[in-house]
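> Below are the structure tokens for one structure; questions will follow.
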Protein chains: 2
Amino acid sequence: MSQIVVEKKVLNENQKIALELREKFRAHKILVINIVSSPGSGKTTLLEQTLERMDKSKRVALLTGDLQTENDARRLAQWGFPVKQIITGGTCHLDAKMIERHLADWPLENIDVLIIENVGNLVCPTGYDLGEHFKIVMLSVTEGEDKPLKYPSIFVKSELMILSKVDLLPYVPFDAEVAKSNARMVHPGIEIIETSNKGDGMEQWMKWLEEKLAAVKSGELISI
Amino acid sequence: MSQIVVEKKVLNENQKIALELREKFRAHKILVINIVSSPGSGKTTLLEQTLERMDKSKRVALLTGDLQTENDARRLAQWGFPVKQIITGGTCHLDAKMIERHLADWPLENIDVLIIENVGNLVCPTGYDLGEHFKIVMLSVTEGEDKPLKYPSIFVKSELMILSKVDLLPYVPFDAEVAKSNARMVHPGIEIIETSNKGDGMEQWMKWLEEKLAAVKSGELISI
């Protein structure tokens, strides 16, 4: 099987730290994902459902960003996996330095998957590499089908779009096919999984994570 | 009746331009509002419903901001009021310079109400004065009750919170009372109107606009 190489360029201070993080993640074979969406699209809810279904032998760790409050870390802590809240103050995104600082006292050899929940924002997080393998963009069906056209950068940079809250489709004026078509217009290869807090799509999402983790462990998936 | 004075301080280049804009708006007795929310909370939908109900003798003009696309201006243009799209490229907010530039060829003496629909973002627009009388923050019931605590700045700076999509309350795990209580915790005096695209709250919202416009015209409401 051929190697998948995700190419990155070092550009600035953030990129330098991201590169160092990426090397550490690679050395420890940690799958790292960076989830981005508008406020309220359902990032924390997806992660709650993910942790609930996660094999407890899997060593998952989470960093969750917000301008204020430790609400999300509290919500996520109840499944027993390690969680840290990153409070950014006024900053509308996470940066590599914040990730580095919050990982400092976590032994990386004990982590298989690091899930980063970014600050709720479709713009600011786009330009900040956190050393992740994949950005994942989440769009909820309550938001409007044209978001991929209005905020193309994050859709271009994301490997996967999670279309969330599909249980609300009967009640909202949202055409999922148009939304998916818009996402594919700005990023032809983007993968799409439809989810809801009723459990829709969770099997497919857990399988996605499982496959990416296996590819990291086997050395097939390398982010450089 | 006593004068209501909204005090502002001149701090930087943006504030200087905002001050000039504010003086022009004051000279022409134009009510100016600046609507801020996450992407997909329903700003454009509210404005569509507003224009649909607006007395056609009212001279309303609209500026609508997005990173990309003229979709919103197209949606809003169908009611015959003047609309301009401001495309910000990668920028996550509108600034006073953009407003100044897009107003340059509009005769201000022909405008009673200027509605500015900011870029969908709960963080970046907070720090940019556009010369408006009021910032209005919109929060939809699909987003989670703790948004005022996570993004306090914009709730502190907004005169009014519009709680949108209340028709979806039966289908989402959202406690409106908790959300309102959170908003009042960070901004005790904040006004709140609950709306939906089914017409909920529109009478109250149109009355709010009408009263503010009357106060501007009478000289009772001055923004300095």
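Naming scheme: A, B, ... for chains in displayed order of the structure tokens; residues 1 onward per chain; ligands 1 onward as shown.
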Can you list every residue in range 132-180 of chain A that DSSP puts in alpha helix (DSSP H), as a ChimeraX atom specification?
/A:147-150,152-157,176-180
> Selection from above, N, CA, C and O atoms, as a PDB file, in the first residue's frame, can you write it?

ATOM      1  N   LYS A 147     -22.897  28.136   3.206  1.00  0.00           N
ATOM      2  CA  LYS A 147     -21.717  28.395   4.042  1.00  0.00           C
ATOM      3  C   LYS A 147     -20.394  27.974   3.372  1.00  0.00           C
ATOM      4  O   LYS A 147     -19.407  28.689   3.472  1.00  0.00           O
ATOM      5  N   PRO A 148     -20.356  26.837   2.648  1.00  0.00           N
ATOM      6  CA  PRO A 148     -19.079  26.499   1.982  1.00  0.00           C
ATOM      7  C   PRO A 148     -18.658  27.547   0.955  1.00  0.00           C
ATOM      8  O   PRO A 148     -17.454  27.734   0.728  1.00  0.00           O
ATOM      9  N   LEU A 149     -19.612  28.231   0.358  1.00  0.00           N
ATOM     10  CA  LEU A 149     -19.272  29.267  -0.629  1.00  0.00           C
ATOM     11  C   LEU A 149     -18.867  30.561   0.065  1.00  0.00           C
ATOM     12  O   LEU A 149     -18.007  31.302  -0.423  1.00  0.00           O
ATOM     13  N   LYS A 150     -19.501  30.838   1.220  1.00  0.00           N
ATOM     14  CA  LYS A 150     -19.195  32.085   1.937  1.00  0.00           C
ATOM     15  C   LYS A 150     -17.889  32.001   2.719  1.00  0.00           C
ATOM     16  O   LYS A 150     -17.249  33.015   2.975  1.00  0.00           O
ATOM     17  N   PRO A 152     -15.070  29.706   2.105  1.00  0.00           N
ATOM     18  CA  PRO A 152     -14.456  28.587   1.376  1.00  0.00           C
ATOM     19  C   PRO A 152     -13.178  28.045   2.004  1.00  0.00           C
ATOM     20  O   PRO A 152     -12.933  26.837   1.954  1.00  0.00           O
ATOM     21  N   SER A 153     -12.360  28.901   2.619  1.00  0.00           N
ATOM     22  CA  SER A 153     -11.028  28.455   3.059  1.00  0.00           C
ATOM     23  C   SER A 153     -11.092  27.231   3.962  1.00  0.00           C
ATOM     24  O   SER A 153     -10.348  26.265   3.773  1.00  0.00           O
ATOM     25  N   ILE A 154     -11.962  27.278   4.957  1.00  0.00           N
ATOM     26  CA  ILE A 154     -11.967  26.164   5.909  1.00  0.00           C
ATOM     27  C   ILE A 154     -12.465  24.876   5.252  1.00  0.00           C
ATOM     28  O   ILE A 154     -12.045  23.773   5.625  1.00  0.00           O
ATOM     29  N   PHE A 155     -13.331  25.025   4.243  1.00  0.00           N
ATOM     30  CA  PHE A 155     -13.810  23.829   3.543  1.00  0.00           C
ATOM     31  C   PHE A 155     -12.712  23.271   2.625  1.00  0.00           C
ATOM     32  O   PHE A 155     -12.596  22.069   2.453  1.00  0.00           O
ATOM     33  N   VAL A 156     -11.923  24.163   2.052  1.00  0.00           N
ATOM     34  CA  VAL A 156     -10.797  23.735   1.219  1.00  0.00           C
ATOM     35  C   VAL A 156      -9.768  22.982   2.065  1.00  0.00           C
ATOM     36  O   VAL A 156      -9.200  21.984   1.636  1.00  0.00           O
ATOM     37  N   LYS A 157      -9.545  23.464   3.288  1.00  0.00           N
ATOM     38  CA  LYS A 157      -8.485  22.888   4.120  1.00  0.00           C
ATOM     39  C   LYS A 157      -8.916  21.643   4.890  1.00  0.00           C
ATOM     40  O   LYS A 157      -8.093  21.015   5.549  1.00  0.00           O
ATOM     41  N   ALA A 176     -29.906  19.525   1.988  1.00  0.00           N
ATOM     42  CA  ALA A 176     -28.613  18.881   2.270  1.00  0.00           C
ATOM     43  C   ALA A 176     -27.831  18.608   0.989  1.00  0.00           C
ATOM     44  O   ALA A 176     -26.601  18.704   0.981  1.00  0.00           O
ATOM     45  N   GLU A 177     -28.539  18.289  -0.085  1.00  0.00           N
ATOM     46  CA  GLU A 177     -27.833  17.997  -1.341  1.00  0.00           C
ATOM     47  C   GLU A 177     -27.140  19.242  -1.874  1.00  0.00           C
ATOM     48  O   GLU A 177     -26.029  19.175  -2.399  1.00  0.00           O
ATOM     49  N   VAL A 178     -27.805  20.385  -1.743  1.00  0.00           N
ATOM     50  CA  VAL A 178     -27.201  21.653  -2.181  1.00  0.00           C
ATOM     51  C   VAL A 178     -25.972  21.962  -1.324  1.00  0.00           C
ATOM     52  O   VAL A 178     -24.916  22.358  -1.830  1.00  0.00           O
ATOM     53  N   ALA A 179     -26.101  21.764  -0.023  1.00  0.00           N
ATOM     54  CA  ALA A 179     -24.970  22.028   0.879  1.00  0.00           C
ATOM     55  C   ALA A 179     -23.774  21.151   0.514  1.00  0.00           C
ATOM     56  O   ALA A 179     -22.631  21.625   0.444  1.00  0.00           O
ATOM     57  N   LYS A 180     -24.036  19.875   0.275  1.00  0.00           N
ATOM     58  CA  LYS A 180     -22.946  18.953  -0.056  1.00  0.00           C
ATOM     59  C   LYS A 180     -22.341  19.311  -1.414  1.00  0.00           C
ATOM     60  O   LYS A 180     -21.113  19.269  -1.590  1.00  0.00           O
TER      61      LYS A 180
END
> With a cut-off of 6 Å and counting only C-alpha atoms, select all residues of chain A in contact with chain B and give the selection as a list in words.
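Contact residues on the first chain: Gly40, Leu67, Gln68, Thr69, Glu143, Gly144 and Lys150 of chain A.
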> Limited to C-alpha atoms, could you put the picked residues into a file as a PDB file, in the first residue's frame?

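selection_13.pdb, freshly written:
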ATOM      1  CA  GLY A  40     -23.117  25.985  18.200  1.00  0.00           C
ATOM      2  CA  LEU A  67     -12.827  32.379  24.669  1.00  0.00           C
ATOM      3  CA  GLN A  68     -14.305  31.891  28.121  1.00  0.00           C
ATOM      4  CA  THR A  69     -15.671  29.150  30.422  1.00  0.00           C
ATOM      5  CA  GLU A 143     -26.977  27.234   9.237  1.00  0.00           C
ATOM      6  CA  GLY A 144     -27.735  27.598   5.533  1.00  0.00           C
ATOM      7  CA  LYS A 150     -19.195  32.085   1.937  1.00  0.00           C
TER       8      LYS A 150
END
> Which parts of range 11-204 of chain B does DSSP call strand (DSSP E or B) when run on the backbone here, written out as a PyMOL selection string?
chain B and resi 31-37+60-66+83-87+113-117+134-140+158-164+191-194
> Please identify all polymer residues within 10 Å of Ala73 in chain B, counting only C-alpha atoms, omitting same-chain residues fewer than 2 positions from it, and present them as a count of residues only.
18
> If you measure from CA of Met202 in chain A to CA of Leu47 in chain A, what distance in Å do you get, rounded to one decimal?
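So the two atoms, CA of Met202 in chain A and CA of Leu47 in chain A, lie 10.5 Å apart.
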> Between A:Leu94, A:Ile17, A:Leu169, A:Val32, which one has atoms that come closest to Ile222 in chain A, using only C-alpha atoms?
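Of the candidates, the smallest distance to Ile222 in chain A is held by A:Val32.
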> Contacts of Trp205 in chain A at 10 Å or less, counting only C-alpha atoms, minus same-chain residues fewer than 3 places along, as an MDAnalysis selection string?
chainID A and resid 46 50 162 192:195 200:202 208:211
> What does the distance from CA of Ala104 in chain B to CA of Glu23 in chain B come to in Å, to one decimal?
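Between CA of Ala104 in chain B and CA of Glu23 in chain B the gap works out to 14.6 Å.
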> Would you mind listing what lies within 10 Å of Glu191 in chain B as an NGL selection string, with only C-alpha atoms counted and same-chain residues fewer than 2 positions away left out?
:B and (136 or 158-162 or 180 or 183-184 or 187-189 or 193)
> Interatomic distance between CA of Asp175 in chain A and CA of Leu163 in chain A?
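We find that CA of Asp175 in chain A and CA of Leu163 in chain A lie 11.5 Å from each other.
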> May I have the residues within 10 Å of Lys58 in chain B as a list of chain:residue names, using only C-alpha atoms and disregarding those fewer than 5 positions away in the same chain?
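The residues satisfying every condition are B:Leu51, B:Phe81, B:Asn110, B:Ile111, B:Asp112, B:Val113.
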